[in-house]
Amino acid sequence: MEDMIFYDRLQFAFTITFHYIFPQLTMGLSLIIVYFKWKFLKTTIEKYNNAAKFFMKIFAINFTMGVITGIPMEFQFGTNWAKFSELTGGIIGQTLAMEGLFSFFLESSFLALFIFGEKLMGQKLHFLTGFLVFLGSWASGYLILATNAWMQHPVGYEILDNGKFVLENFSALFSNPWLLPAFLHNQVASVVTSSFVVASIGAFYVLRDKNLEYGKLFLKTGVIFGLVSSLLLAFPTGDLNAKNVAKYQPAAFAAMEGIFETEDAGAEIVLIGQPDMVRKKLDNKIAVPNILSFLTYQEWDKQIAGMDQFKKEELPSNIPALYYSYHIMVGLGTIFIAIMGLAVFLLWKRKLYSFKPLLWSILFLVPFPYIANITGWYTAELGRQPYLVYGLLKTSEGVSPNVSSGNTLFTLLGFVALYMLLGLLFLILVGKTIYQGPIHQKH
Amino acid sequence: MELFWYLIIAVVLAIFFILDGYNFGTGIIHLFFAKTEKDKAVIAKSAGLFWDFNEVWLVAGGGLLFMAFPTFYASVFSGFYLPLIIVLWLIIFRALGLELRSQFNNKMWKAIWDASFGVSSLLLALFFGIALGNVVRGVNLGGIENGVSVYEGHYFFLPLWDSSFSPLSHTPGVIDWFTIIIGVIAVVTIAIHGANWIVLKTNSTINNKLKSTIFNLNILLVVLTVFSLIVWQIVNPNSLNNFIDKPYLLLFPMLYLTGLFGLFFIKKFKKEVYGFIMSTLLILGGITSSLASLFPVLLPSTNNVNESLTIYNTATTAYGLSIGLGWGVFGFILVIVYVIIQKKFLGGKIDEMDYGH
């Protein structure tokens, strides 16, 4: 039984991690594409239009990968988490079905039109199709976050005698206090990823001294979007999320911040340290006193419950993984603000394009926003453990009762092999597109 | 309300099979009949431009099924665990084939992705047919062993096959001689449908030859249909009851027969779209007739202990269903608008259209 849950969880974690490489780019990138297209409508300077079309090519590759790795996500609710689906389908089925109906159709229809229809429909309509692609991808994010928000902080439900969760109040799903901060944080994070990608392609062109006009445009756009979104990531969106966790999942909050013992007065904020789960303390700790209490409650001396205040079964099941996920996310977020801040400062001083160390840094920093996004999600999901529906349904109660661990391991191995291949092909395609660069074209 | 959602989901899945049916069929024709590079390219393009839009219907159908009939969704997806995951892998390989072939102008590269596209299309058509066969045949709900349920009554688990390969076994697998027959019918039907799509959307040099192919495949389909109807009675003796009780349901088999009959005139049609309409009727009639013969059962039980899954014992509450109705109607109106807009800009033959990515 333990094995069975382990493989089911590993397969879901693996496939969703791989899947989320793609939507986190497409959501943010669609916003930047809309910006380029809008800039073109306003200025009629060709390079903006070519930039929009170039990034739509990269968008399309990512969108395709998102679709083919996304269908397995929907299937796995039924295949591996049948009991969870049976018990909660009456609620999360609503938001998931809405995602299919409202966002996928929108995105897939207008993506095709954006790519094939420019000549047929003129520039204003072309802008509109780009905007609708953006709308579709953000609607998708919103509905997935609404689903997740319900699992983190269930609202608007009723539990029947047979254990099923059924919908009692539909609008509560959308006024869930967990939803808006989580959605905004997630979307801003996806803008960070795409800003880094845009800036990094720009840095590549400038360093290579090829496609220079586009290199500069991408760098400039990327670092400005990057700074704004990195700042928004920390405040207010990150701040609001942390406060939600402190309020609704205090046990998870203590674990992710690494507070083993409750302090009498204000709680310190841990910057670095390794959790020792046997002795219940952090090794090699570097911490700043009272900051956590201030950040969370704006009171220096407010007490924050440590892990000692909770029963073992109330605490997240993998505390070190949760603690590291959270600290990696926050640490990277801080670095993003520093790097993008420096880049914008140099841009203002007109030195960005010639300051090579920073260009090289931007070029090679690309994987890190992806890591920050993924660890951010790990923080949310590990923090929710040992529950699927916080406080109400345990993860061990959601698994398919009829699928043996041998079958799950078989499909897990298959997914690993197949996704290796997918990843390789993805890199070849994106690499080729970037290497070729934007097509210089007058309409 | 259950009935209403049942109809909506049936329509969405029928649309999926009609749309992705031609897309799979295009792959089957591509595998066996396309010889020159020019034909291969244009045939792959006639599928590649549309596959993601078509597959959105699967995502939508799955999502709606999850919302309206969660118990059924949970039971069927976990019970058919392996075949469904294999279907996912095939969908991925098919998409790769379509998206990648035009990326590099190299013979070996194209050969690899053509094979990936063609073979996975063929296997997907076969698997979807086998799936329909399983639904008609029923499964051992509750996983009865020696008269005792191993799981709760609405769960089951099917291996890919049982050593007897017989639908009449107490523990049939996914693949047995009956489901294979239905699978082959699906392959032939979908191949006809795909050939019609190619004739409609392209100027490939094999269009005339394909019309003969359709004619010949249709003869095969008539034989298979008659044969399957006989074995159908052995596997599920109750399958005609609904049609006897409610004769208006005979409309659905009539659709199938119209398509089957109409396709014999494939060479005489003045408009290419008529052929496509006939094969659409074939798929529509085939699916709806099967569903109508089972109604209100969704998945029959092959034992007497646990009752069959029906639209009534697997649905969510009336409140959930009626809320879904509100946004569902609105959502479908939007979808229809998208389809009209797409048709306006991407209609007609596709040979000259730029394939941007």
# chains A, B, ... in the order shown; residues from 1 in each chain; ligands from 1
>>> interface_residues(of="chain A", to="chain B", cutoff="6 Å", atoms="only C-alpha atoms", output="PyMOL selection string")
chain A and resi 68+78-79+82+85-86+89-90+93-94+96-97+100-101+108+167+402
>>> residues_around(residues="Leu358 (chain A)", least_positions_apart="5", cutoff="10 Å", atoms="only C-alpha atoms", output="ChimeraX atom specification")
/A:203,339-340,342-343,346,352-353,363-364
>>> write_last_selection(atoms="C-alpha atoms", output="PDB file, in the first residue's frame")
ATOM      1  CA  ALA A 203      21.763  38.710 -24.479  1.00  0.00           C
ATOM      2  CA  ILE A 339      20.014  41.110 -11.256  1.00  0.00           C
ATOM      3  CA  MET A 340      17.089  42.777 -13.000  1.00  0.00           C
ATOM      4  CA  LEU A 342      21.153  46.166 -11.906  1.00  0.00           C
ATOM      5  CA  ALA A 343      20.223  45.547 -15.549  1.00  0.00           C
ATOM      6  CA  LEU A 346      22.628  49.977 -16.580  1.00  0.00           C
ATOM      7  CA  LEU A 352      23.652  47.527 -20.515  1.00  0.00           C
ATOM      8  CA  TYR A 353      24.508  46.370 -24.055  1.00  0.00           C
ATOM      9  CA  LEU A 363      22.157  34.322 -20.613  1.00  0.00           C
ATOM     10  CA  PHE A 364      22.878  31.550 -18.123  1.00  0.00           C
TER      11      PHE A 364
END
>>> residues_around(residues="region 113-126 of chain A", least_positions_apart="2", cutoff="12 Å", atoms="only C-alpha atoms", output="MDAnalysis selection string")
(chainID A and resid 30 33:34 37:42 44 46 49:50 52:61 106:111 128:134 442:443) or (chainID B and resid 49:50 53 338:339 341:347 350 352:357)
>>> closest_residue(among="B:Leu298, B:Leu90, B:Ala47, B:Met108", to="Gly414 (chain A)", atoms="only C-alpha atoms")
B:Leu90
>>> residues_around(residues="Ile362 (chain A)", least_positions_apart="3", cutoff="6 Å", atoms="only C-alpha atoms", output="PyMOL selection string")
chain A and resi 200+359+365
>>> select_by_dssp(residues="region 169-356 of chain B", states="helix (DSSP H, G or I)", output="VMD selection string")
chain B and resid 177 to 201 207 to 235 241 to 245 247 to 265 272 to 294 318 to 346
>>> write_last_selection(atoms="C-alpha atoms", output="CSV table (one decimal), in the first residue's frame")
chain,number,residue,atom,x,y,z
B,177,TRP,CA,-11.7,-11.5,-30.0
B,178,PHE,CA,-14.8,-9.4,-29.8
B,179,THR,CA,-13.1,-6.1,-28.9
B,180,ILE,CA,-10.6,-6.8,-31.6
B,181,ILE,CA,-13.4,-7.1,-34.2
B,182,ILE,CA,-14.8,-3.8,-33.0
B,183,GLY,CA,-11.3,-2.3,-33.1
B,184,VAL,CA,-10.8,-3.4,-36.8
B,185,ILE,CA,-14.2,-1.9,-37.7
B,186,ALA,CA,-13.0,1.4,-36.1
B,187,VAL,CA,-9.8,1.3,-38.1
B,188,VAL,CA,-11.6,0.7,-41.4
B,189,THR,CA,-14.2,3.4,-40.6
B,190,ILE,CA,-11.6,5.9,-39.6
B,191,ALA,CA,-9.4,5.1,-42.6
B,192,ILE,CA,-12.4,5.8,-44.9
B,193,HIS,CA,-13.1,9.1,-43.0
B,194,GLY,CA,-9.5,10.1,-43.2
B,195,ALA,CA,-9.4,9.4,-47.0
B,196,ASN,CA,-12.5,11.6,-47.4
B,197,TRP,CA,-10.7,14.4,-45.5
B,198,ILE,CA,-7.7,14.2,-47.7
B,199,VAL,CA,-9.8,14.3,-50.8
B,200,LEU,CA,-11.7,17.3,-49.4
B,201,LYS,CA,-8.8,19.4,-48.1
B,207,ASN,CA,-7.1,11.7,-54.5
B,208,ASN,CA,-8.7,9.7,-57.4
B,209,LYS,CA,-7.1,6.5,-56.2
B,210,LEU,CA,-8.3,7.2,-52.7
B,211,LYS,CA,-11.9,7.2,-54.0
B,212,SER,CA,-11.5,3.6,-55.1
B,213,THR,CA,-9.8,2.8,-51.8
B,214,ILE,CA,-12.9,4.2,-50.0
B,215,PHE,CA,-15.2,2.1,-52.2
B,216,ASN,CA,-13.2,-1.1,-51.5
B,217,LEU,CA,-12.9,-0.4,-47.8
B,218,ASN,CA,-16.6,0.2,-47.6
B,219,ILE,CA,-17.3,-3.3,-49.0
B,220,LEU,CA,-15.1,-4.7,-46.2
B,221,LEU,CA,-17.0,-2.6,-43.7
B,222,VAL,CA,-20.3,-4.0,-44.8
B,223,VAL,CA,-19.0,-7.5,-44.2
B,224,LEU,CA,-17.5,-6.6,-40.9
B,225,THR,CA,-20.7,-4.8,-39.8
B,226,VAL,CA,-22.9,-7.8,-40.5
B,227,PHE,CA,-20.4,-10.1,-38.8
B,228,SER,CA,-20.1,-7.9,-35.7
B,229,LEU,CA,-23.9,-7.6,-35.3
B,230,ILE,CA,-24.1,-11.4,-35.0
B,231,VAL,CA,-21.3,-11.7,-32.4
B,232,TRP,CA,-22.7,-8.6,-30.6
B,233,GLN,CA,-25.8,-10.7,-29.8
B,234,ILE,CA,-23.7,-13.4,-28.3
B,235,VAL,CA,-21.7,-11.0,-26.1
B,241,ASN,CA,-34.1,-4.3,-26.1
B,242,ASN,CA,-33.8,-0.6,-26.1
B,243,PHE,CA,-34.6,-0.4,-29.8
B,244,ILE,CA,-37.6,-2.6,-29.4
B,245,ASP,CA,-38.9,-0.6,-26.5
B,247,PRO,CA,-38.3,2.4,-31.8
B,248,TYR,CA,-37.4,6.1,-32.3
B,249,LEU,CA,-33.9,5.1,-31.2
B,250,LEU,CA,-33.6,3.3,-34.6
B,251,LEU,CA,-32.7,6.7,-36.0
B,252,PHE,CA,-29.2,6.1,-34.9
B,253,PRO,CA,-28.6,2.9,-36.7
B,254,MET,CA,-30.3,4.5,-39.7
B,255,LEU,CA,-27.5,7.2,-39.7
B,256,TYR,CA,-24.9,4.5,-39.8
B,257,LEU,CA,-26.7,2.7,-42.6
B,258,THR,CA,-27.1,5.9,-44.6
B,259,GLY,CA,-23.4,6.5,-44.4
B,260,LEU,CA,-22.6,3.0,-45.3
B,261,PHE,CA,-24.9,3.0,-48.3
B,262,GLY,CA,-24.0,6.5,-49.4
B,263,LEU,CA,-20.3,5.7,-49.6
B,264,PHE,CA,-20.8,3.4,-52.5
B,265,PHE,CA,-21.5,6.4,-54.6
B,272,GLU,CA,-16.1,16.2,-52.3
B,273,VAL,CA,-17.8,17.2,-49.1
B,274,TYR,CA,-20.6,14.7,-49.6
B,275,GLY,CA,-18.1,11.8,-49.1
B,276,PHE,CA,-16.9,13.4,-45.9
B,277,ILE,CA,-20.5,13.8,-44.7
B,278,MET,CA,-21.2,10.1,-45.3
B,279,SER,CA,-18.2,8.9,-43.3
B,280,THR,CA,-19.2,11.4,-40.6
B,281,LEU,CA,-22.6,9.7,-40.5
B,282,LEU,CA,-20.9,6.4,-40.2
B,283,ILE,CA,-19.0,7.4,-37.1
B,284,LEU,CA,-21.8,9.4,-35.6
B,285,GLY,CA,-24.3,6.5,-36.2
B,286,GLY,CA,-21.9,3.9,-34.9
B,287,ILE,CA,-21.2,5.7,-31.6
B,288,THR,CA,-24.8,6.8,-30.9
B,289,SER,CA,-26.2,3.4,-31.8
B,290,SER,CA,-23.9,1.7,-29.3
B,291,LEU,CA,-24.7,4.2,-26.6
B,292,ALA,CA,-28.5,4.0,-27.3
B,293,SER,CA,-28.4,0.2,-27.0
B,294,LEU,CA,-26.9,0.5,-23.5
B,318,ALA,CA,-28.5,18.2,-9.0
B,319,TYR,CA,-27.1,21.5,-7.8
B,320,GLY,CA,-23.7,20.8,-9.4
B,321,LEU,CA,-25.3,19.6,-12.6
B,322,SER,CA,-27.5,22.7,-12.9
B,323,ILE,CA,-24.6,25.1,-12.2
B,324,GLY,CA,-22.6,23.4,-14.9
B,325,LEU,CA,-25.5,23.9,-17.2
B,326,GLY,CA,-25.2,27.7,-16.9
B,327,TRP,CA,-21.6,28.1,-17.9
B,328,GLY,CA,-21.8,25.1,-20.2
B,329,VAL,CA,-24.3,26.7,-22.5
B,330,PHE,CA,-22.3,29.9,-22.5
B,331,GLY,CA,-19.1,28.0,-23.2
B,332,PHE,CA,-20.5,26.1,-26.1
B,333,ILE,CA,-21.9,29.2,-27.7
B,334,LEU,CA,-18.3,30.6,-27.6
B,335,VAL,CA,-16.9,27.4,-29.1
B,336,ILE,CA,-19.3,27.6,-32.0
B,337,VAL,CA,-18.2,31.2,-32.6
B,338,TYR,CA,-14.6,30.2,-32.7
B,339,VAL,CA,-15.3,27.4,-35.1
B,340,ILE,CA,-17.1,29.8,-37.4
B,341,ILE,CA,-14.2,32.3,-37.3
B,342,GLN,CA,-11.7,29.6,-37.9
B,343,LYS,CA,-13.7,28.3,-40.9
B,344,LYS,CA,-13.7,31.8,-42.3
B,345,PHE,CA,-10.0,32.1,-42.3
B,346,LEU,CA,-8.7,28.5,-42.6
>>> residues_around(residues="Ile291 (chain A)", least_positions_apart="4", cutoff="8 Å", atoms="only C-alpha atoms", output="mmCIF file with N, CA and C atoms, in the first residue's frame")
data_model
loop_
_atom_site.group_PDB
_atom_site.id
_atom_site.type_symbol
_atom_site.label_atom_id
_atom_site.label_comp_id
_atom_site.auth_asym_id
_atom_site.auth_seq_id
_atom_site.Cartn_x
_atom_site.Cartn_y
_atom_site.Cartn_z
ATOM 1 N N GLY A 266 8.921 37.714 19.345
ATOM 2 C CA GLY A 266 8.866 37.668 17.885
ATOM 3 C C GLY A 266 9.686 36.532 17.290
ATOM 4 N N ALA A 267 9.244 36.045 16.120
ATOM 5 C CA ALA A 267 9.929 34.933 15.468
ATOM 6 C C ALA A 267 10.994 35.451 14.511
ATOM 7 N N GLU A 268 12.141 34.744 14.487
ATOM 8 C CA GLU A 268 13.229 35.128 13.586
ATOM 9 C C GLU A 268 12.935 34.614 12.174
ATOM 10 N N ILE A 269 13.588 35.222 11.170
ATOM 11 C CA ILE A 269 13.455 34.676 9.824
ATOM 12 C C ILE A 269 14.731 33.938 9.475
ATOM 13 N N LEU A 295 7.093 40.712 9.204
ATOM 14 C CA LEU A 295 6.617 40.514 7.826
ATOM 15 C C LEU A 295 5.212 39.932 7.810
ATOM 16 N N TRP A 300 6.547 43.429 15.713
ATOM 17 C CA TRP A 300 7.875 42.841 15.953
ATOM 18 C C TRP A 300 7.824 41.704 16.960
#
>>> closest_residue(among="B:Leu31, B:Ile175, B:Ile112, B:Val42", to="Val135 (chain B)", atoms="only C-alpha atoms")
B:Ile175
>>> atom_distance(atom1="CA of Val139 (chain B)", atom2="CA of Asn236 (chain B)")
11.6 Å
>>> residues_around(residues="Leu3 (chain B)", least_positions_apart="6", cutoff="10 Å", atoms="only C-alpha atoms", output="MDAnalysis selection string")
chainID B and resid 9 295:296 311:312 315
>>> write_last_selection(atoms="N, CA and C atoms", output="JSON list (two decimals), in the first residue's frame")
[["chain", "number", "residue", "atom", "x", "y", "z"],
["B", 9, "ILE", "N", -22.40, 15.34, -23.13],
["B", 9, "ILE", "CA", -21.09, 14.69, -23.19],
["B", 9, "ILE", "C", -21.03, 13.74, -24.38],
["B", 295, "PHE", "N", -28.18, 2.49, -23.04],
["B", 295, "PHE", "CA", -28.83, 3.50, -22.21],
["B", 295, "PHE", "C", -29.86, 2.90, -21.25],
["B", 296, "PRO", "N", -29.96, 3.32, -19.99],
["B", 296, "PRO", "CA", -29.16, 4.36, -19.33],
["B", 296, "PRO", "C", -27.87, 3.84, -18.73],
["B", 311, "ILE", "N", -26.14, 6.34, -15.71],
["B", 311, "ILE", "CA", -26.02, 7.79, -15.56],
["B", 311, "ILE", "C", -26.59, 8.24, -14.21],
["B", 312, "TYR", "N", -27.45, 7.41, -13.60],
["B", 312, "TYR", "CA", -28.07, 7.84, -12.35],
["B", 312, "TYR", "C", -27.21, 7.53, -11.12],
["B", 315, "ALA", "N", -23.74, 10.02, -11.16],
["B", 315, "ALA", "CA", -23.77, 11.48, -11.36],
["B", 315, "ALA", "C", -23.53, 12.22, -10.05]]
>>> atom_distance(atom1="CA of Phe16 (chain B)", atom2="CA of Leu309 (chain B)")
22.9 Å
>>> closest_residue(among="A:Met27, A:Leu212, A:Leu429, A:Leu418", to="Thr15 (chain A)", atoms="only C-alpha atoms")
A:Leu418
>>> residues_around(residues="Ala234 (chain A)", least_positions_apart="5", cutoff="9 Å", atoms="only C-alpha atoms", output="list in words")
His185, Ser229, Asp239, Val330, Gly333, Thr334 and Ile337 of chain A
>>> closest_residue(among="A:Ile92, A:Ala246, A:Ala321, A:Leu412", to="Ser293 (chain A)", atoms="only C-alpha atoms")
A:Ala246
>>> atom_distance(atom1="CA of Phe63 (chain A)", atom2="CA of Phe104 (chain A)")
10.4 Å
